[in-house]
Amino acid sequence: MMNNGFSMQRMLSVARKEFLHIIRDPATLFFALFIPVLELFMLGYAINTNVSNVPTVIFDAANTKDSENLVRAFENSKDFRIVRQVYSDLDVSQAIVAGKAKVGIIIPQDYSKNLESRRTAYLKVIVDGSESNVAAEAINVSNALALRDSLQRIIGSQFLPVEVSPQILFNPDTRSANFFIPGLMVVMCQMMAIMLSANAIVREKENGTLEQLFMTPVKAPELILGKLIPYLVLTFVEFCTILFLMRTVFQVPIAGHVLTLLALTLPFVFAMLGLGLYISTRVGTREAAGQMAMGTMMPSIFLSGYVFPLDSMPWPFWYIAQVFPTTWLIDAARGVILRGAGWRELWIHSAVLWSMGIFSFALAMMKFHKRLT
Amino acid sequence: MLGMNAPFQNGLTIDARDVTVRFGTFTAVNKVNLTVSQGEVFGLLGPNGSGKTTLIRGLCGLLPFAEGVATVLGRDVTAESEAVRSQIGYMSQKFSLYEDLTARENMDFYSGIYGLSPAKTHERQDFLIELSGLAPYMERRAGRLSGGWKQRLALVCALLHEPKLIFLDEPTAGIDPVARRDLWNLLFRLSAEGISLVVTTHYMDEAERCARVGYIYMANLLAVGTPADLKKLPGVTPLGTRWLEIFGTDSAALLEKLRGNLRVQQATIFGQSIHALVEADATAADLGVGSARVVDTEPSLEDVFVTISRAQAMNTNA
């Protein structure tokens with residue numbers, strides 16, 4: 001009966017017991033599997049970073065043929081939605097302050113007069129800057145409309161000397177879902193792995209069963225690995241569910257190989273479970289574990305490039321972001337799903353994620369003292 | 001019962017010498033000497049926080065000794081803690097079961113953790129289910145068992161691997177009297193099979209059932225012996241004093257009066273009567289108990305523990 005090495009039997013006993021805990025706790029199971037799917041639908045349908053239908057008010061003080069054409073040009077662009085015609089500058093600013101419109105366009109009285117006398121005719125565009133991407137888009141489109149109008153007036157019926165012919169690779173319709181869902185998949189995976197494993201040891205501490213376990217011959221690696229197996233399985237089930245829904249419901253094409261993606265996800269999940277277990281060994285209550293898990297998740301969600309592009313961050317944040325496994329897997333997931341990247345492009349991601357996984361795992365193991373002190 | 005009756009070095013299941021456990025500068029267990037023989041039921045008593053649980057953890061090899069050595073089941077606890085742990089059973093204060101698992105699942109888990117083969121698991125589980133009477137409750141979740149059955153399940157889980165020594169930390173706290181008696185009957189059956197038991201308790205009637213009792217107070221083991229030996233300790237009945245049992249109609253008023261009397265060293269209500277330690281030559285008249293009946297008595301175990309605790313507290317303060 002004496003066995004000083006690693007015991008498969010003991011590890012599997014722990015795994016089996018932990019699996020029973022999961023299926024006996026419907027609240028956790030619900031939280032783990034259903035909530036991420038709900039969030040997928042919420043984010044998948046609601047989030048659209050492509051600006052369109054910006055509510056706009058127009059004050060056409062000129063009221064000429066030129067100004068009417070201009071108003072029609074704005075109306076015809078999908079970016080603006082004219083909600084109201086108003087009749088004073090004050091009305092325009094009031095509509096913006098009241099939140100009824102994000103953009104106000106004022107065509108001054110002397111608009112046509114200036115055009116005719118070959119002076120620059122000004123068009124006032126007032127933008128609510130509180131939503132920066134909407135504001136930027138509104139200004140860009142206004143400029144483009146004005147520029148096209150100007151060019152037509154200058155060169156008349158001649159052809160344009162230079163024109164851009166854009167070709168968008170990988171996400172030709174620039175759908176937000178294609179960009180967001182691969183990231184969301186990773187973030188959900190992270191959330192679940194950390195939340196589940198952060199509770200794993202703390203729950204036994206709270207119930208006093210850990211003290212009982214210490215009295216048995218079970219060893220730290222057997223206990224920790226045994227606890228991780230069911231969580232690993234559950235996290236992968238969830239990952240695959242979201243992947244499946246992404247492909248079928250949201251019609252995001254997968255350019256690369258699903259297996260490549262799953263192989264990259266494995267070390268990531270290890271890293272997250274290791275981190276969760278580390279939290280679990282450090283704190284005494286489930287509340288504290290939950291808070292600490294949240295605390296580690298927030299920065300990695302915001303800095304991982306999930307929502308905000310990494311390239312536009314100031315350089316210190318760019319470096320901080322490289323520390324998060326989430327950053328690496330989101331990049332790799334987008335690579336596989338959107339750009340069809342394979343091992344040739346992603347081997348470095350794999351190496352980094354495996355190092356991080358092993359590191360966090362070793363950290364958890366070291367912190368988990370077998371002695372009760 | 002493999003090797004169950006093989007004696008250990010000098011026949012002792014536990015042989016602790018000068019064991020000391022410190023947490024930083026705080027000494028939780030101070031130079032404790034303790035022996036437990038094979039098949040003995042040893043009671044460990046003492047107030048909360050006195051060091052009982054710490055001593056047990058130390059004897060299981062979970063806490064390092066700052067001083068001293070302990071041999072448990074013939075092995076050095078510090079050097080061979082894993083080996084020791086695979087041969088001892090432990091039942092913690094809270095019957096640490098997995099409440100969301102059924103009784104059987106709990107037993108299966110501990111069978112696996114202790115590395116029992118499938119055949120052995122089957123044999124032991126059948127034997128212990130029979131012994132404990134748990135059969136009708138095997139498919140019930142541990143959380144839905146009553147206190148008494150939870151406690152039996154916890155004990156059974158601690159017995160699966162055929163330990164030769166079992167530590168029970170307050171096994172009867174919060175359990176009804178019938179369940180308490182049933183558990184003690186079970187413990188005596190185990191003892192008869194040669195298994196040694198170390199039981200901590202706050203109940204004096206349970207202490208009286210133990211073959212030997214140790215009393216820990218503020219990290220020190222103040223007294224060890226059979227309940228009868230402890231009652232004869234010189235410190236409990238100092239020279240020139242004797243123990244009286246006084247039966248009055250109004251025990252509360254009587255107690256007040258006795259405590260104010262200079263010839264009375266201590267007095268406590270004891271059921272229907274009062275136990276008092278008085279100067280040997282003090283008469284009923286000296287004590288002013290009026291018509292109350294006064295008889296000589298021997299101190300109860302509680303008297304013993306209270307008296308030696310006071311003496312120790314006075315020594316420490318002096």
# chains A, B, ... in the order shown; residues from 1 in each chain; ligands from 1
$ residues_around --residues "B:Gly194" --least-positions-apart "2" --cutoff "6 Å" --atoms "only C-alpha atoms" --output "number ranges by chain"
B: 39, 191-192
$ interface_residues --of "chain B" --to "chain A" --cutoff "8 Å" --atoms "only C-alpha atoms" --output "number ranges by chain"
B: 60, 62-63, 82-83, 85-86, 89-92, 94, 96-98, 100-101, 105, 109, 112-116
$ residues_around --residues "A:Tyr231" --least-positions-apart "4" --cutoff "10 Å" --atoms "only C-alpha atoms" --output "list in words"
Ala15, Glu18, Phe19, Ile22, Met192, Ala193, Ile194, Leu196, Ser197, Ala200, Gly226, Lys227, Thr235, Phe236, Val237, Val269, Phe270 and Leu273 of chain A
$ select_by_dssp --residues "stretch 78-311 of chain B" --states "alpha helix (DSSP H)" --output "PyMOL selection string"
chain B and resi 81-85+103-113+118-132+147-159+177-192+204-209+227-231+251-259+284-287+301-311
$ residues_around --residues "B:Leu160" --least-positions-apart "5" --cutoff "10 Å" --atoms "only C-alpha atoms" --output "ChimeraX atom specification"
/B:89,107-108,110-112,114,116,120-121,123-125,127-128,155
$ atom_distance --atom1 "atom CA of A:Trp318" --atom2 "atom CA of A:Ser300"
11.7 Å
$ residues_around --residues "stretch 132-135 of chain A" --least-positions-apart "6" --cutoff "8 Å" --atoms "only C-alpha atoms" --output "number ranges by chain"
A: 51, 54, 102
$ write_last_selection --atoms "C-alpha atoms" --output "PDB file, in the first residue's frame"
ATOM      1  CA  VAL A  51     -20.684  53.784 -37.623  1.00  0.00           C
ATOM      2  CA  VAL A  54     -25.845  58.836 -36.961  1.00  0.00           C
ATOM      3  CA  LYS A 102     -25.003  63.561 -32.557  1.00  0.00           C
TER       4      LYS A 102
END
$ atom_distance --atom1 "atom CA of A:Asp311" --atom2 "atom CA of A:Ser350"
21.2 Å
$ atom_distance --atom1 "atom CA of A:Glu238" --atom2 "atom CA of A:Leu33"
6.1 Å
$ residues_around --residues "stretch 245-261 of chain A" --least-positions-apart "6" --cutoff "6 Å" --atoms "only C-alpha atoms" --output "list in words"
Asn178, Val336, Ile337, Leu338, Gly340 and Ala341 of chain A
$ select_by_dssp --residues "stretch 116-244 of chain B" --states "strand (DSSP E)" --output "list in words"
Leu165, Ile166, Phe167, Leu168, Asp169, Ser196, Leu197, Val198, Val199, Thr200, Arg212, Val213, Gly214, Tyr215, Ile216, Tyr217, Asn220, Leu221, Leu222, Ala223, Val224, Gly225, Thr241, Arg242, Trp243 and Leu244 of chain B
$ residues_around --residues "B:Asp205" --least-positions-apart "6" --cutoff "12 Å" --atoms "only C-alpha atoms" --output "PyMOL selection string"
chain B and resi 43+45+172+177+180-181+184+213+227+300-302
$ write_last_selection --atoms "C-alpha atoms" --output "compact mmCIF listing (two decimals), in the first residue's frame"
# COMPACT_ATOMS: atom_id res chain seq x y z
CA GLY B 43 -9.13 11.03 26.02
CA LEU B 45 -9.31 17.24 27.30
CA THR B 172 -19.64 14.08 19.50
CA PRO B 177 -27.26 11.56 23.43
CA ARG B 180 -23.34 9.73 21.24
CA ARG B 181 -23.78 6.44 23.03
CA TRP B 184 -18.94 5.21 21.86
CA VAL B 213 -7.11 10.88 30.06
CA PRO B 227 -9.79 8.95 35.62
CA SER B 300 -15.29 14.73 39.97
CA LEU B 301 -13.12 14.90 36.84
CA GLU B 302 -14.43 18.40 36.33
